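What follows is a short report on a single structure.
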Amino acid sequence: MLKTAICGWHQCDAETYRQAYDLFGGSVCTHPEVVCFLAAMQGKYLTWYSKKHNGKVIAVAYQANNSLCIYDKKYPFVFEDIILPFQPGVKCILPFRTKKLSPVNKGTCWNVLPDMFNQHKACHIKGSFSKKTAKKRNGERNRFLRMGGEIIDICTLPSDTIADEYIRLFNLRWKGAINCFKKERLVETLDTLRTLLFGYILYIDGKIVALDLIFKAESKPWVYMDDINGGYDPNYNHLSVGSVLLWENICRAKDYCNSNNKELIFSLGSFRKEWDYKKAWCDIKPLGRVLI
């Protein structure tokens with residue numbers, strides 16, 4: 001494409017993209033395995049691009065139909081926080097469309113509108129919580145455990161069980177307001193991308209009562225966690241199982257990153273006025289809109 005060459009971008013291969021992703025970092029939706037999986041499921045052709053300085057790769061990207069978004073509502077991935085693998089300090093013109101360039105990439109692209117011109121926002125879990133909040137959340141977790149509850153690593157469950165329980169609890173929580181994924185799509189995703197799965201579930205009274213799907217994208221500078229809409233049993237609202245599960249997953253994610261000496265970026269997706277509860281958990285950050 002002429003405009004990519006004019007902007008200093010040239011086609012590369014998937015391996016070059018993967019190496020740059022490992023070195024510079026990205027989000028779940030730009031993880032090479034996720035990008036390839038979604039493109040294959042939709043029959044889309046991906047083209048990979050790199051930008052070099054003095055012969056070394058300093059940035060990479062991909063595109064399908066001139067877009068960075070290869071979202072498919074049938075699969076549990078969102079393009080609400082697109083982080084492209086850029087070397088720190090890079091300045092460039094990005095020749096691909098998106099309205100949802102991550103704040104992590106802020107300042108890297110000359111052709112991104114200022115924040116005030118983009119209504120889309122991302123929700124990143126706060127880096128720290130007040131002592132009062134931590135005491136409250138730990139108290140909720142301890143009460144759940146005292147009542148006989150258990151916290152179980154989701155990775156110990158087979159894909160069929162995760163899919164069945166996710167659908168059941170999702171429908172209990174949302175009551176038809178949001179359509180859930182089909183079981184076969186969930187199982188296909190979990191079987192293919194099992195190494196990216198992360199998180200815990202809540203179990204009490206012989207059943208799972210809260211479950212979120214969290215995918216983990218790891219690179220040299222950070223670990224990116226993407227928490228996809230989950231579900232819980234409203235019959236256990238008195239135990240605050242939704243909050244207990246989110247708090248547990250946040251704490252475990254922070255422990256994982258601390259033990260690996262990496263930064264944590266934990267996303268709760270996009271922000272809308274009706275999802276005001278996210279403000280208690282997240283920093284709300286504007287996304288970038290690329291002009292081309």
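Chain labels follow the order of the structure tokens: the first chain is A, the next B, and so on; residue numbering restarts at 1 in every chain, and ligands are counted from 1 in their shown order.
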task = Please give the complete set of residues from region 135-283 of chain A that DSSP, run on the backbone, assigns to strand (DSSP E), formatted as a VMD selection string.
result = chain A and resid 150 to 153 197 to 198 200 to 204 207 to 218 222 to 232 263 to 270 282 to 283
Any chance you could tabulate, as CSV, the residues of region 16-89 of chain A at most 7 Å from region 222-242 of chain A with each one's nearest atom pair and distance in Å to one decimal, using only C-alpha atoms, in chain and rising number order?
residue,atom,partner,partner_atom,distance
A:Gly25,CA,A:Trp222,CA,6.6
A:Ser27,CA,A:Tyr224,CA,5.7
A:Val28,CA,A:Asp226,CA,6.5
A:Pro76,CA,A:Ile228,CA,6.8
Expected file: the selected residues, N, CA and C atoms, as a PDB file, in the first residue's frame:
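And here is the file that came out, selection.pdb:
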ATOM      1  N   GLY A  25       5.630  -5.166  24.039  1.00  0.00           N
ATOM      2  CA  GLY A  25       4.354  -5.310  24.736  1.00  0.00           C
ATOM      3  C   GLY A  25       3.160  -4.922  23.898  1.00  0.00           C
ATOM      4  N   SER A  27      -1.609  -5.489  24.007  1.00  0.00           N
ATOM      5  CA  SER A  27      -2.783  -5.884  24.784  1.00  0.00           C
ATOM      6  C   SER A  27      -3.230  -7.265  24.321  1.00  0.00           C
ATOM      7  N   VAL A  28      -4.273  -7.791  24.961  1.00  0.00           N
ATOM      8  CA  VAL A  28      -4.752  -9.118  24.584  1.00  0.00           C
ATOM      9  C   VAL A  28      -5.226  -9.129  23.131  1.00  0.00           C
ATOM     10  N   PRO A  76     -14.926 -14.327  22.686  1.00  0.00           N
ATOM     11  CA  PRO A  76     -14.770 -13.502  23.897  1.00  0.00           C
ATOM     12  C   PRO A  76     -13.529 -12.608  23.902  1.00  0.00           C
TER      13      PRO A  76
END
For region 136-150 of chain A, find every residue with an atom within 8 Å (counting only C-alpha atoms), except residues of its own chain fewer than 3 positions away, and show them as an mmCIF file with C-alpha atoms, in the first residue's frame.
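part.cif written:
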data_model
loop_
_atom_site.group_PDB
_atom_site.id
_atom_site.type_symbol
_atom_site.label_atom_id
_atom_site.label_comp_id
_atom_site.auth_asym_id
_atom_site.auth_seq_id
_atom_site.Cartn_x
_atom_site.Cartn_y
_atom_site.Cartn_z
ATOM 1 C CA LYS A 132 -10.071 1.470 53.761
ATOM 2 C CA THR A 133 -11.002 -0.132 50.451
ATOM 3 C CA LEU A 202 -15.780 -18.870 43.595
ATOM 4 C CA TYR A 203 -17.272 -22.168 44.772
ATOM 5 C CA ILE A 204 -19.738 -22.745 47.613
ATOM 6 C CA ASP A 205 -22.613 -25.080 48.459
ATOM 7 C CA LEU A 239 -21.803 -12.543 50.108
ATOM 8 C CA SER A 240 -20.847 -9.910 47.490
ATOM 9 C CA VAL A 241 -19.504 -12.660 45.240
ATOM 10 C CA SER A 243 -16.798 -8.000 44.213
ATOM 11 C CA VAL A 244 -15.014 -10.849 45.985
ATOM 12 C CA TRP A 247 -10.817 -8.370 44.115
ATOM 13 C CA GLU A 248 -9.319 -11.863 44.220
#
request  = For Asn171 (chain A), please output as number ranges by chain all residues within 12 Å (counting only C-alpha atoms; exclusion window: fewer than 3 positions along the same chain).
outcome  = A: 164-168, 174-182, 210-211, 229-234
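The coordinates place CA of Lys106 (chain A) at 24.5 Å from CA of Phe129 (chain A).
Candidate residues A:Ala14, A:Leu245, A:Ile83, A:Ile201 were compared for distance to Ile265 (chain A), and the nearest is A:Ile83, using only C-alpha atoms.
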key: In region 138-258 of chain A, DSSP alpha helix (DSSP H) residues written as a PyMOL selection string   = chain A and resi 138-146+159-174+183-192+241-258
Applying 6 Å and only C-alpha atoms, which residues near region 110-126 of chain A remain after dropping the ones on its own chain fewer than 4 positions away? List them as a PDB file with C-alpha atoms, in the first residue's frame.
ATOM      1  CA  CYS A  92       5.319   7.938  13.840  1.00  0.00           C
ATOM      2  CA  ILE A  93       2.303   8.271  11.579  1.00  0.00           C
ATOM      3  CA  PHE A 266      -5.617  -4.922  34.020  1.00  0.00           C
ATOM      4  CA  SER A 267      -8.523  -3.912  31.800  1.00  0.00           C
ATOM      5  CA  LEU A 268     -12.234  -3.943  32.548  1.00  0.00           C
ATOM      6  CA  GLY A 269     -13.030  -2.981  28.978  1.00  0.00           C
ATOM      7  CA  SER A 270     -14.737   0.207  27.906  1.00  0.00           C
ATOM      8  CA  PHE A 271     -16.566   2.798  29.978  1.00  0.00           C
ATOM      9  CA  TRP A 281     -12.208  -0.030  40.557  1.00  0.00           C
ATOM     10  CA  CYS A 282     -10.613   1.749  37.617  1.00  0.00           C
ATOM     11  CA  ASP A 283      -8.894   4.784  36.227  1.00  0.00           C
ATOM     12  CA  ILE A 284     -10.975   5.930  33.258  1.00  0.00           C
ATOM     13  CA  LYS A 285      -8.695   6.815  30.353  1.00  0.00           C
ATOM     14  CA  PRO A 286      -9.509   8.324  26.931  1.00  0.00           C
ATOM     15  CA  LEU A 287      -8.689   6.301  23.855  1.00  0.00           C
ATOM     16  CA  GLY A 288      -7.075   7.660  20.714  1.00  0.00           C
ATOM     17  CA  ARG A 289      -8.731   8.127  17.323  1.00  0.00           C
ATOM     18  CA  VAL A 290      -6.398   7.786  14.370  1.00  0.00           C
ATOM     19  CA  LEU A 291      -6.904  10.074  11.376  1.00  0.00           C
TER      20      LEU A 291
END
task = Go through A:Ile292, A:Tyr49, A:Asp255, A:Asn105 one by one, measure the shortest atom-to-atom distance of each to Gln11 (chain A) using only C-alpha atoms, and give the residue with the smallest value.
result = A:Tyr49
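Note that the spacing between CA of Val187 (chain A) and CA of Tyr75 (chain A) amounts to 10.1 Å.
Considering only C-alpha atoms, the residue among A:Pro221, A:Gly199, A:Gly107, A:Gly43 positioned nearest to Asn249 (chain A) is A:Gly199.
Distances to Phe170 (chain A) were evaluated for A:Ile58, A:Leu213, A:Cys155, A:Lys3 using only C-alpha atoms, and the minimum falls at A:Leu213.
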Near-region 59-68 of chain A list (6 Å; only C-alpha atoms; drop same-chain fewer than 2 positions) as a PDB file with N, CA and C atoms, in the first residue's frame:
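Contents of out-v4.pdb, freshly written:
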ATOM      1  N   TYR A  17       6.479  -9.643  13.838  1.00  0.00           N
ATOM      2  CA  TYR A  17       5.468  -9.062  14.734  1.00  0.00           C
ATOM      3  C   TYR A  17       5.544  -9.702  16.111  1.00  0.00           C
ATOM      4  N   LEU A  46      -4.634 -11.288   6.987  1.00  0.00           N
ATOM      5  CA  LEU A  46      -3.851 -10.331   7.754  1.00  0.00           C
ATOM      6  C   LEU A  46      -2.592  -9.932   6.999  1.00  0.00           C
ATOM      7  N   THR A  47      -2.263  -8.658   7.084  1.00  0.00           N
ATOM      8  CA  THR A  47      -0.982  -8.179   6.589  1.00  0.00           C
ATOM      9  C   THR A  47      -0.217  -7.578   7.769  1.00  0.00           C
ATOM     10  N   TRP A  48       1.048  -7.956   7.879  1.00  0.00           N
ATOM     11  CA  TRP A  48       1.886  -7.501   8.993  1.00  0.00           C
ATOM     12  C   TRP A  48       2.814  -6.392   8.501  1.00  0.00           C
ATOM     13  N   TYR A  49       3.063  -5.407   9.374  1.00  0.00           N
ATOM     14  CA  TYR A  49       3.912  -4.278   9.011  1.00  0.00           C
ATOM     15  C   TYR A  49       4.910  -3.972  10.127  1.00  0.00           C
ATOM     16  N   SER A  50       6.050  -3.457   9.720  1.00  0.00           N
ATOM     17  CA  SER A  50       7.034  -2.988  10.699  1.00  0.00           C
ATOM     18  C   SER A  50       7.589  -1.642  10.263  1.00  0.00           C
ATOM     19  N   LYS A  51       8.091  -0.926  11.244  1.00  0.00           N
ATOM     20  CA  LYS A  51       8.778   0.345  10.993  1.00  0.00           C
ATOM     21  C   LYS A  51      10.168   0.202  11.612  1.00  0.00           C
ATOM     22  N   VAL A  57      13.884  -2.947  14.062  1.00  0.00           N
ATOM     23  CA  VAL A  57      12.442  -2.776  14.184  1.00  0.00           C
ATOM     24  C   VAL A  57      12.124  -1.962  15.434  1.00  0.00           C
ATOM     25  N   PRO A  85       2.659  -2.777  19.518  1.00  0.00           N
ATOM     26  CA  PRO A  85       4.032  -2.928  20.015  1.00  0.00           C
ATOM     27  C   PRO A  85       4.959  -1.857  19.442  1.00  0.00           C
ATOM     28  N   PHE A  86       5.196  -0.831  20.244  1.00  0.00           N
ATOM     29  CA  PHE A  86       6.078   0.268  19.847  1.00  0.00           C
ATOM     30  C   PHE A  86       7.227   0.354  20.845  1.00  0.00           C
ATOM     31  N   PHE A  96      -3.263   3.117   9.797  1.00  0.00           N
ATOM     32  CA  PHE A  96      -4.364   2.172   9.933  1.00  0.00           C
ATOM     33  C   PHE A  96      -5.448   2.754  10.835  1.00  0.00           C
ATOM     34  N   ARG A  97      -6.708   2.455  10.506  1.00  0.00           N
ATOM     35  CA  ARG A  97      -7.838   3.045  11.214  1.00  0.00           C
ATOM     36  C   ARG A  97      -8.056   2.418  12.582  1.00  0.00           C
TER      37      ARG A  97
END
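Ranking A:Asn261, A:Asn54, A:Ser159, A:Gln42 by their shortest atom-to-atom distance to Lys220 (chain A), with only C-alpha atoms included, puts A:Asn261 first.
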